[in-house]
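S.K.: Pasting data_39.txt here (compact mmCIF, C-alpha atoms and all ligand atoms):
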# COMPACT_ATOMS: atom_id res chain seq x y z
CA MET A 1 0.00 0.00 0.00
CA ILE A 2 1.19 3.51 -0.79
CA GLN A 3 -0.64 6.41 0.77
CA GLY A 4 -0.94 9.67 -1.10
CA GLU A 5 -0.29 13.06 0.44
CA GLY A 6 -3.49 14.54 -0.98
CA GLY A 7 -5.67 13.60 1.98
CA GLU A 8 -8.57 11.19 2.39
CA GLY A 9 -9.67 9.16 -0.58
CA PRO A 10 -10.45 5.67 -1.80
CA THR A 11 -7.97 2.86 -2.41
CA ILE A 12 -7.42 1.57 -5.92
CA GLY A 13 -5.71 -1.71 -6.79
CA LEU A 14 -3.08 -2.06 -9.51
CA ARG A 15 -2.40 -5.63 -10.50
CA ALA A 16 0.70 -7.19 -12.08
CA ASP A 17 1.05 -10.92 -12.68
CA MET A 18 4.37 -12.63 -12.04
CA ASP A 19 4.44 -16.23 -13.26
CA ALA A 20 6.37 -17.95 -16.06
CA LEU A 21 5.52 -20.78 -18.47
CA PRO A 22 6.87 -24.31 -19.03
CA ILE A 23 8.59 -23.38 -22.32
CA LEU A 24 12.21 -23.83 -23.38
CA GLU A 25 13.21 -20.26 -24.22
CA ALA A 26 14.61 -19.64 -27.72
CA SER A 27 14.93 -15.85 -27.73
CA ASN A 28 18.74 -16.18 -27.80
CA LYS A 29 19.06 -12.95 -25.82
CA PRO A 30 21.71 -12.46 -23.16
CA TRP A 31 18.89 -12.10 -20.60
CA SER A 32 17.16 -15.28 -21.69
CA SER A 33 16.01 -17.71 -18.97
CA LYS A 34 18.75 -19.67 -17.20
CA ALA A 35 16.27 -22.31 -16.02
CA PRO A 36 15.63 -24.78 -18.86
CA GLY A 37 11.90 -25.23 -19.46
CA LYS A 38 10.95 -22.14 -17.48
CA MET A 39 10.39 -18.99 -19.49
CA HIS A 40 8.77 -15.62 -19.02
CA GLY A 41 6.93 -16.25 -22.27
CA CYS A 42 4.03 -13.93 -21.49
CA GLY A 43 6.06 -10.97 -20.22
CA HIS A 44 4.78 -11.17 -16.66
CA ASP A 45 8.31 -10.34 -15.48
CA GLY A 46 7.92 -7.09 -17.42
CA HIS A 47 4.52 -6.47 -15.82
CA THR A 48 6.04 -6.90 -12.37
CA ALA A 49 8.97 -4.61 -13.24
CA MET A 50 6.53 -1.93 -14.44
CA LEU A 51 4.47 -2.04 -11.27
CA LEU A 52 7.65 -1.91 -9.15
CA GLY A 53 8.83 1.09 -11.18
CA ALA A 54 5.50 2.82 -10.63
CA ALA A 55 5.64 1.97 -6.91
CA LYS A 56 9.04 3.63 -6.61
CA TYR A 57 7.82 6.79 -8.32
CA LEU A 58 4.53 6.92 -6.40
CA ALA A 59 6.27 6.38 -3.06
CA ASN A 60 8.62 9.28 -3.82
CA THR A 61 6.00 11.74 -5.10
CA ARG A 62 2.70 10.74 -3.40
CA ASN A 63 0.88 13.28 -5.55
CA PHE A 64 -2.58 11.75 -5.05
CA LYS A 65 -5.31 11.35 -2.48
CA GLY A 66 -6.30 8.05 -0.89
CA SER A 67 -4.13 4.98 -1.37
CA VAL A 68 -2.79 2.57 -3.95
CA ALA A 69 -2.69 -1.18 -3.33
CA LEU A 70 -0.01 -2.95 -5.36
CA ILE A 71 -1.21 -6.43 -6.26
CA PHE A 72 1.53 -8.84 -7.31
CA GLN A 73 -0.41 -11.88 -8.41
CA PRO A 74 1.03 -15.38 -8.83
CA ALA A 75 -0.34 -18.22 -10.95
CA GLU A 76 -2.06 -16.39 -13.81
CA GLU A 77 -1.24 -19.05 -16.41
CA GLY A 78 -4.09 -21.47 -15.93
CA ALA A 79 -3.84 -21.81 -12.16
CA LEU A 80 -6.45 -19.15 -11.28
CA GLY A 81 -4.27 -17.13 -8.91
CA GLY A 82 -6.54 -14.13 -9.48
CA GLN A 83 -9.57 -16.09 -8.33
CA LYS A 84 -7.71 -17.31 -5.26
CA MET A 85 -6.66 -13.80 -4.22
CA VAL A 86 -10.27 -12.61 -4.54
CA GLN A 87 -11.57 -15.65 -2.60
CA GLU A 88 -9.04 -15.00 0.14
CA GLY A 89 -10.47 -11.51 0.54
CA ILE A 90 -7.88 -9.17 -0.95
CA MET A 91 -10.52 -6.60 -1.97
CA ASP A 92 -12.08 -6.30 1.50
CA ARG A 93 -8.79 -6.59 3.35
CA PHE A 94 -7.32 -3.56 1.61
CA ASP A 95 -10.66 -1.82 1.07
CA ILE A 96 -10.06 -1.66 -2.69
CA SER A 97 -12.80 0.23 -4.54
CA GLN A 98 -11.55 -0.06 -8.14
CA VAL A 99 -9.01 -2.36 -9.73
CA PHE A 100 -6.88 -2.07 -12.87
CA GLY A 101 -4.76 -4.47 -14.92
CA MET A 102 -2.40 -4.27 -17.89
CA HIS A 103 -0.87 -6.71 -20.39
CA ASN A 104 1.77 -6.26 -23.05
CA SER A 105 0.75 -6.91 -26.64
CA PRO A 106 3.22 -8.15 -29.29
CA GLY A 107 2.38 -6.66 -32.68
CA MET A 108 1.17 -3.40 -31.15
CA GLU A 109 3.65 -0.53 -31.49
CA ILE A 110 5.69 0.57 -28.48
CA GLY A 111 4.04 3.57 -26.84
CA LYS A 112 0.54 2.60 -28.01
CA PHE A 113 -2.35 1.38 -25.88
CA GLY A 114 -5.46 -0.63 -26.73
CA ILE A 115 -8.67 -0.95 -24.73
CA CYS A 116 -12.43 -1.25 -25.19
CA HIS A 117 -15.57 -0.98 -23.10
CA GLY A 118 -17.27 -4.19 -22.01
CA ALA A 119 -15.81 -7.60 -22.82
CA ILE A 120 -12.11 -7.23 -23.66
CA MET A 121 -11.06 -10.87 -23.21
CA ALA A 122 -13.02 -14.09 -23.52
CA ALA A 123 -14.21 -16.59 -20.95
CA LEU A 124 -12.29 -19.86 -21.00
CA ASP A 125 -13.75 -23.29 -20.36
CA GLU A 126 -12.01 -26.64 -20.72
CA PHE A 127 -13.47 -30.02 -21.41
CA ASP A 128 -12.48 -33.68 -21.39
CA LEU A 129 -14.56 -36.01 -23.50
CA VAL A 130 -14.14 -39.79 -23.34
CA VAL A 131 -15.58 -41.75 -26.25
CA LYS A 132 -16.29 -45.27 -25.07
CA GLY A 133 -16.50 -47.98 -27.72
CA ARG A 134 -15.23 -51.56 -27.82
CA GLY A 135 -11.67 -52.29 -28.87
CA GLY A 136 -10.17 -55.17 -30.81
CA HIS A 137 -7.87 -56.17 -33.67
CA ALA A 138 -7.38 -53.59 -36.39
CA ALA A 139 -7.88 -56.38 -38.95
CA LYS A 140 -11.37 -57.12 -37.62
CA PRO A 141 -13.01 -53.70 -37.21
CA HIS A 142 -16.50 -55.17 -37.69
CA GLU A 143 -16.12 -56.91 -34.34
CA THR A 144 -15.40 -53.61 -32.58
CA ILE A 145 -17.16 -50.34 -31.91
CA ASP A 146 -14.31 -48.20 -33.15
CA PRO A 147 -14.06 -45.09 -30.95
CA VAL A 148 -11.44 -43.54 -33.25
CA VAL A 149 -13.87 -43.20 -36.15
CA ILE A 150 -16.62 -42.04 -33.79
CA ALA A 151 -14.33 -39.46 -32.14
CA ALA A 152 -13.41 -38.13 -35.58
CA GLN A 153 -17.11 -37.58 -36.35
CA ILE A 154 -17.63 -35.92 -32.97
CA ILE A 155 -14.80 -33.46 -33.64
CA LEU A 156 -16.41 -32.46 -36.94
CA GLY A 157 -19.86 -32.38 -35.33
CA LEU A 158 -18.65 -29.97 -32.63
CA GLN A 159 -17.51 -27.51 -35.29
CA THR A 160 -21.13 -27.11 -36.38
CA LEU A 161 -21.96 -25.60 -32.96
CA VAL A 162 -19.97 -22.60 -34.13
CA SER A 163 -20.80 -22.58 -37.82
CA ARG A 164 -24.48 -23.70 -37.78
CA ASN A 165 -25.82 -23.03 -34.26
CA THR A 166 -24.31 -19.69 -33.25
CA SER A 167 -25.15 -16.27 -34.69
CA PRO A 168 -22.38 -15.16 -37.05
CA LEU A 169 -22.30 -11.89 -35.08
CA GLU A 170 -21.43 -13.63 -31.82
CA SER A 171 -18.10 -15.16 -30.89
CA LEU A 172 -17.66 -18.81 -29.99
CA VAL A 173 -14.44 -20.76 -30.35
CA ILE A 174 -14.40 -24.51 -29.81
CA SER A 175 -11.01 -26.14 -30.28
CA VAL A 176 -10.40 -29.85 -29.81
CA THR A 177 -6.72 -29.98 -28.94
CA LYS A 178 -6.08 -33.49 -27.62
CA PHE A 179 -6.80 -36.85 -29.23
CA SER A 180 -5.48 -39.87 -27.43
CA ALA A 181 -6.18 -43.36 -28.84
CA ALA A 182 -4.21 -46.63 -29.08
CA GLN A 183 -0.41 -46.78 -28.92
CA ALA A 184 -0.08 -49.34 -31.73
CA TYR A 185 -0.62 -49.72 -35.46
CA ASN A 186 -2.83 -52.76 -35.16
CA VAL A 187 -5.05 -52.05 -32.16
CA ILE A 188 -8.47 -50.47 -32.04
CA PRO A 189 -8.70 -49.03 -28.53
CA ASP A 190 -11.63 -49.37 -26.14
CA GLN A 191 -11.84 -45.63 -25.79
CA VAL A 192 -10.55 -42.34 -27.13
CA GLU A 193 -9.86 -39.35 -24.93
CA LEU A 194 -10.53 -35.95 -26.43
CA ALA A 195 -9.98 -32.59 -24.77
CA GLY A 196 -10.19 -28.99 -25.76
CA SER A 197 -11.24 -25.47 -24.87
CA VAL A 198 -14.21 -23.17 -25.38
CA ARG A 199 -14.00 -19.37 -25.56
CA THR A 200 -16.95 -17.01 -25.42
CA LEU A 201 -17.72 -13.34 -24.82
CA VAL A 202 -21.23 -13.69 -23.35
CA PRO A 203 -22.38 -15.97 -20.50
CA SER A 204 -25.35 -17.40 -22.43
CA LEU A 205 -23.01 -18.90 -25.05
CA ARG A 206 -21.06 -20.57 -22.28
CA ASP A 207 -24.18 -22.39 -21.09
CA PHE A 208 -25.05 -23.21 -24.70
CA ALA A 209 -21.60 -24.69 -25.40
CA GLU A 210 -21.64 -26.92 -22.34
CA ARG A 211 -25.13 -28.21 -23.09
CA ARG A 212 -24.61 -28.75 -26.81
CA ILE A 213 -21.15 -30.34 -26.65
CA LEU A 214 -22.68 -33.12 -24.59
CA ALA A 215 -25.80 -33.41 -26.74
CA VAL A 216 -23.91 -33.56 -30.06
CA ALA A 217 -21.20 -35.91 -28.78
CA GLN A 218 -23.76 -38.19 -27.13
CA GLY A 219 -26.01 -38.21 -30.18
CA ILE A 220 -23.19 -39.14 -32.56
CA ALA A 221 -21.70 -41.74 -30.21
CA ARG A 222 -25.01 -43.45 -29.49
CA GLY A 223 -25.81 -43.57 -33.18
CA PHE A 224 -22.77 -45.84 -33.54
CA GLY A 225 -23.45 -47.90 -30.42
CA ALA A 226 -20.88 -46.08 -28.29
CA ASP A 227 -21.26 -43.58 -25.46
CA VAL A 228 -19.46 -40.54 -24.08
CA GLU A 229 -18.49 -39.06 -20.76
CA LEU A 230 -18.03 -35.28 -20.57
CA ARG A 231 -16.25 -33.26 -17.92
CA TYR A 232 -16.68 -29.52 -18.48
CA ARG A 233 -14.84 -27.00 -16.30
CA ARG A 234 -15.42 -23.28 -16.24
CA GLN A 235 -12.09 -21.50 -15.87
CA ASP A 236 -11.75 -17.74 -16.37
CA PRO A 237 -14.92 -15.67 -16.81
CA VAL A 238 -15.11 -12.86 -19.40
CA THR A 239 -12.74 -9.99 -18.61
CA PHE A 240 -15.29 -7.21 -18.51
CA ASN A 241 -14.24 -3.55 -18.58
CA HIS A 242 -16.60 -1.32 -16.58
CA THR A 243 -17.68 2.01 -18.03
CA GLU A 244 -16.19 4.43 -15.51
CA GLY A 245 -12.93 2.50 -15.06
CA THR A 246 -12.48 2.22 -18.83
CA ASN A 247 -13.02 5.95 -19.29
CA LEU A 248 -10.45 6.65 -16.57
CA ALA A 249 -7.97 4.23 -18.16
CA ILE A 250 -8.45 5.86 -21.57
CA LYS A 251 -7.92 9.30 -20.02
CA ALA A 252 -4.80 8.17 -18.15
CA ALA A 253 -3.25 6.59 -21.27
CA SER A 254 -4.21 9.60 -23.41
CA ASN A 255 -2.62 12.00 -20.90
CA LEU A 256 0.57 9.98 -21.24
CA VAL A 257 0.89 9.32 -24.99
CA GLY A 258 -1.87 11.43 -26.61
CA SER A 259 -5.26 10.16 -27.66
CA ALA A 260 -4.02 9.29 -31.18
CA SER A 261 -1.90 6.54 -29.61
CA VAL A 262 -4.79 5.03 -27.65
CA ASP A 263 -7.11 2.70 -29.54
CA ASP A 264 -10.21 2.89 -27.33
CA LYS A 265 -12.28 0.64 -29.61
CA MET A 266 -9.94 -2.32 -29.74
CA LYS A 267 -11.55 -5.59 -30.77
CA PRO A 268 -11.86 -8.01 -27.85
CA ARG A 269 -9.30 -10.83 -27.75
CA MET A 270 -10.41 -14.46 -27.52
CA GLY A 271 -7.64 -15.29 -25.05
CA SER A 272 -8.50 -15.20 -21.36
CA GLU A 273 -7.18 -13.59 -18.18
CA ASP A 274 -7.77 -14.48 -14.57
CA PHE A 275 -7.81 -10.74 -13.82
CA ALA A 276 -11.45 -11.27 -14.85
CA TYR A 277 -12.12 -12.47 -11.28
CA MET A 278 -10.87 -9.16 -9.89
CA LEU A 279 -13.13 -7.26 -12.29
CA GLU A 280 -16.04 -9.41 -11.09
CA ALA A 281 -15.27 -8.39 -7.51
CA ARG A 282 -14.67 -4.68 -8.18
CA PRO A 283 -15.21 -2.27 -11.09
CA GLY A 284 -12.20 -1.23 -13.13
CA ALA A 285 -10.49 -1.89 -16.45
CA PHE A 286 -7.84 -3.92 -18.24
CA ILE A 287 -5.63 -2.35 -20.91
CA PHE A 288 -3.04 -3.57 -23.45
CA LEU A 289 0.23 -1.80 -24.14
CA GLY A 290 2.42 -2.25 -27.21
CA ASN A 291 5.39 -4.61 -27.08
CA GLY A 292 6.57 -3.87 -30.63
CA SER A 293 7.13 -6.48 -33.32
CA THR A 294 8.27 -9.34 -31.11
CA ALA A 295 7.26 -13.00 -31.37
CA GLY A 296 3.80 -13.68 -29.94
CA LEU A 297 2.91 -14.42 -26.33
CA HIS A 298 3.72 -18.01 -25.28
CA HIS A 299 6.10 -18.42 -28.26
CA PRO A 300 9.60 -19.75 -27.42
CA ALA A 301 11.14 -16.72 -29.14
CA TYR A 302 8.94 -14.15 -27.36
CA ASP A 303 10.86 -11.33 -25.68
CA PHE A 304 9.40 -8.67 -23.40
CA ASN A 305 10.48 -5.35 -24.88
CA ASP A 306 12.23 -3.22 -22.26
CA ARG A 307 11.30 -0.11 -24.26
CA ALA A 308 7.73 -0.71 -23.07
CA LEU A 309 8.78 -0.32 -19.41
CA ALA A 310 8.65 3.49 -19.38
CA TYR A 311 5.17 3.49 -20.95
CA GLY A 312 3.87 0.89 -18.50
CA ILE A 313 5.27 2.78 -15.51
CA GLY A 314 3.98 6.04 -16.98
CA TYR A 315 0.50 4.57 -17.42
CA TRP A 316 0.27 3.38 -13.81
CA VAL A 317 1.41 6.75 -12.50
CA SER A 318 -0.92 8.65 -14.81
CA LEU A 319 -3.79 6.37 -13.82
CA VAL A 320 -3.23 6.91 -10.10
CA GLU A 321 -2.92 10.66 -10.53
CA THR A 322 -6.10 10.64 -12.66
CA VAL A 323 -8.32 8.36 -10.57
CA LEU A 324 -7.06 9.75 -7.28
CA ALA A 325 -6.55 13.38 -8.40
CA ARG A 326 -6.14 15.63 -5.36
ZN ZN A 401 0.06 -15.96 -20.85
ZN ZN A 402 -0.02 -13.08 -19.66
As structure tokens - that is how I would like this structure written.

M.R.:
Amino acid sequence: MIQGEGGEGPTIGLRADMDALPILEASNKPWSSKAPGKMHGCGHDGHTAMLLGAAKYLANTRNFKGSVALIFQPAEEGALGGQKMVQEGIMDRFDISQVFGMHNSPGMEIGKFGICHGAIMAALDEFDLVVKGRGGHAAKPHETIDPVVIAAQIILGLQTLVSRNTSPLESLVISVTKFSAAQAYNVIPDQVELAGSVRTLVPSLRDFAERRILAVAQGIARGFGADVELRYRRQDPVTFNHTEGTNLAIKAASNLVGSASVDDKMKPRMGSEDFAYMLEARPGAFIFLGNGSTAGLHHPAYDFNDRALAYGIGYWVSLVETVLAR
């Protein structure tokens, strides 16, 4: 917590994530990871450095009212650290009234910002789908209920949930990403394990996807004498930017780099963010800042661009001095 010298006021939370990814780094930079298979492939080290830089400046100047809570969040990459911090009461404990987050964006120019009102990142759900047939010898398929062929039809069937069942103006992504069958050339397995993820921007599509994945998979499987078992887990909700917080974030970024460098109608991204849990608990906004033309997030050659540091620090400071203007 850093207290301003401008008198009484609310507390706002600034959040930086910290965790790395299980990737073997291939950026070939002198500062590349020294731990094989552990890489800051999403730039969370940069996010932490930016919030620390802002903390140093804010602690020296204190040109704001109220207080700033610095939230260094672990376990963003799939482990729901943001949800855990909210569940453990961080918002009440520090009396946080608004909360803000930021992420670097490869492909966006250094010194530029991108944001939009409402949904800015998608909800993420994950599913495991077991197709249960009857295995046997690959030379005698007629004596089996081949789950490989059935699973292949299910994968194609699931694609019609997007193309034939969802309005073309709404966003639904269903990706089957795992297919695990027999380990031999001549074996038809008893079952096939499929898994994948679902991304949506509105809650109703989330319910729809869960319901229809089961219905379509079950219908296809039963048609061939097989059956399915579905486990569907809701991970991150939609990262939803609130009106007032978004306006404040746009103003803070514009004060820093000029409004021409702030895209305030950015298209939402279909990736997800566990900062969404913090925005469910408190109003606020999430913004992207340019990382220049580096490799993409989660790519082995990704490199957080240190030239973005000054803009990230500048944004946090500008935001604090805007939201908590004395
Ligand atoms: Zn990431
Ligand atoms: Zn990230």

S.K.: Could you tell me which of A:Asp19, A:Glu244, A:Asp227, A:Glu210 comes closest to ligand ZN 401 (chain A) if we count only C-alpha atoms and all ligand atoms?

M.R.: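 Smallest separation from ligand ZN 401 (chain A) among the options: A:Asp19.
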
S.K.: Please extract the residues at most 12 Å from ligand ZN 402 (chain A), counting all atoms listed in the file, and provide them as a short mmCIF file (atom, residue, chain, number, x, y, z; two decimals) with C-alpha atoms, in the coordinates of the input, using the chain letters and residue numbers of this document.

M.R.:
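part22.cif written:
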data_model
loop_
_atom_site.label_atom_id
_atom_site.label_comp_id
_atom_site.auth_asym_id
_atom_site.auth_seq_id
_atom_site.Cartn_x
_atom_site.Cartn_y
_atom_site.Cartn_z
CA ALA A 16 0.70 -7.19 -12.08
CA ASP A 17 1.05 -10.92 -12.68
CA MET A 18 4.37 -12.63 -12.04
CA ASP A 19 4.44 -16.23 -13.26
CA ALA A 20 6.37 -17.95 -16.06
CA LEU A 21 5.52 -20.78 -18.47
CA MET A 39 10.39 -18.99 -19.49
CA HIS A 40 8.77 -15.62 -19.02
CA GLY A 41 6.93 -16.25 -22.27
CA CYS A 42 4.03 -13.93 -21.49
CA GLY A 43 6.06 -10.97 -20.22
CA HIS A 44 4.78 -11.17 -16.66
CA ASP A 45 8.31 -10.34 -15.48
CA GLY A 46 7.92 -7.09 -17.42
CA HIS A 47 4.52 -6.47 -15.82
CA THR A 48 6.04 -6.90 -12.37
CA GLN A 73 -0.41 -11.88 -8.41
CA PRO A 74 1.03 -15.38 -8.83
CA ALA A 75 -0.34 -18.22 -10.95
CA GLU A 76 -2.06 -16.39 -13.81
CA GLU A 77 -1.24 -19.05 -16.41
CA GLY A 78 -4.09 -21.47 -15.93
CA GLY A 101 -4.76 -4.47 -14.92
CA MET A 102 -2.40 -4.27 -17.89
CA HIS A 103 -0.87 -6.71 -20.39
CA ASN A 104 1.77 -6.26 -23.05
CA SER A 105 0.75 -6.91 -26.64
CA PRO A 106 3.22 -8.15 -29.29
CA MET A 121 -11.06 -10.87 -23.21
CA GLY A 271 -7.64 -15.29 -25.05
CA SER A 272 -8.50 -15.20 -21.36
CA GLU A 273 -7.18 -13.59 -18.18
CA ASP A 274 -7.77 -14.48 -14.57
CA PHE A 275 -7.81 -10.74 -13.82
CA PHE A 288 -3.04 -3.57 -23.45
CA GLY A 296 3.80 -13.68 -29.94
CA LEU A 297 2.91 -14.42 -26.33
CA HIS A 298 3.72 -18.01 -25.28
CA HIS A 299 6.10 -18.42 -28.26
CA TYR A 302 8.94 -14.15 -27.36
CA PHE A 304 9.40 -8.67 -23.40
#

S.K.: Enter the distance from CA of Ser32 (chain A) to CA of Asn305 (chain A), in Å, rounded to one decimal.

M.R.: 12.4 Å

S.K.: What is the distance, in Å and to one decimal place, between CA of Tyr311 (chain A) and CA of Pro268 (chain A)?

M.R.: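 Atom-to-atom, CA of Tyr311 (chain A) to CA of Pro268 (chain A), that is 21.7 Å.
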
S.K.: So, counting all atoms listed in the file, which residue among A:Ile150, A:Val262, A:Met50, A:Ile110 is closest to Gln191 (chain A)?

M.R.: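 Of A:Ile150, A:Val262, A:Met50, A:Ile110, the one nearest Gln191 (chain A) is A:Ile150, counting all atoms listed in the file.
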
S.K.: What's the 6 Å shell around region 85-98 of chain A, counting only C-alpha atoms, without same-chain residues fewer than 2 positions away, as a ChimeraX atom specification?

M.R.: /A:11-13,82-83,282-284

S.K.: One number please: CA of Val238 (chain A) to CA of Lys267 (chain A), in Å, one decimal.

M.R.: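 Atom-to-atom, CA of Val238 (chain A) to CA of Lys267 (chain A), that is 14.0 Å.
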
S.K.: Need the shell around Thr322 (chain A): protein/DNA/RNA residues with any atom at most 10 Å away, counting all atoms listed in the file. Skip same-chain ones fewer than 6 positions apart. Format as an NGL selection string?

M.R.: :A and (64 or 248-249 or 251-253 or 255 or 316)

S.K.: Since we have the selection now, will you write its residues out, keeping C-alpha atoms, as a PDB file, keeping the file's coordinate frame?

M.R.:
ATOM      1  CA  PHE A  64      -2.580  11.750  -5.050  1.00  0.00           C
ATOM      2  CA  LEU A 248     -10.450   6.650 -16.570  1.00  0.00           C
ATOM      3  CA  ALA A 249      -7.970   4.230 -18.160  1.00  0.00           C
ATOM      4  CA  LYS A 251      -7.920   9.300 -20.020  1.00  0.00           C
ATOM      5  CA  ALA A 252      -4.800   8.170 -18.150  1.00  0.00           C
ATOM      6  CA  ALA A 253      -3.250   6.590 -21.270  1.00  0.00           C
ATOM      7  CA  ASN A 255      -2.620  12.000 -20.900  1.00  0.00           C
ATOM      8  CA  TRP A 316       0.270   3.380 -13.810  1.00  0.00           C
TER       9      TRP A 316
END

S.K.: Within 10 Å of Ala152 (chain A), counting all atoms listed in the file, which residues show up once you throw out same-chain ones fewer than 4 positions away? Write them as a PDB file with C-alpha atoms, keeping the file's coordinate frame, please.

M.R.:
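Saved as out.pdb:
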ATOM      1  CA  PRO A 147     -14.060 -45.090 -30.950  1.00  0.00           C
ATOM      2  CA  VAL A 148     -11.440 -43.540 -33.250  1.00  0.00           C
ATOM      3  CA  LEU A 156     -16.410 -32.460 -36.940  1.00  0.00           C
ATOM      4  CA  GLY A 157     -19.860 -32.380 -35.330  1.00  0.00           C
ATOM      5  CA  PHE A 179      -6.800 -36.850 -29.230  1.00  0.00           C
ATOM      6  CA  VAL A 192     -10.550 -42.340 -27.130  1.00  0.00           C
ATOM      7  CA  LEU A 194     -10.530 -35.950 -26.430  1.00  0.00           C
TER       8      LEU A 194
END
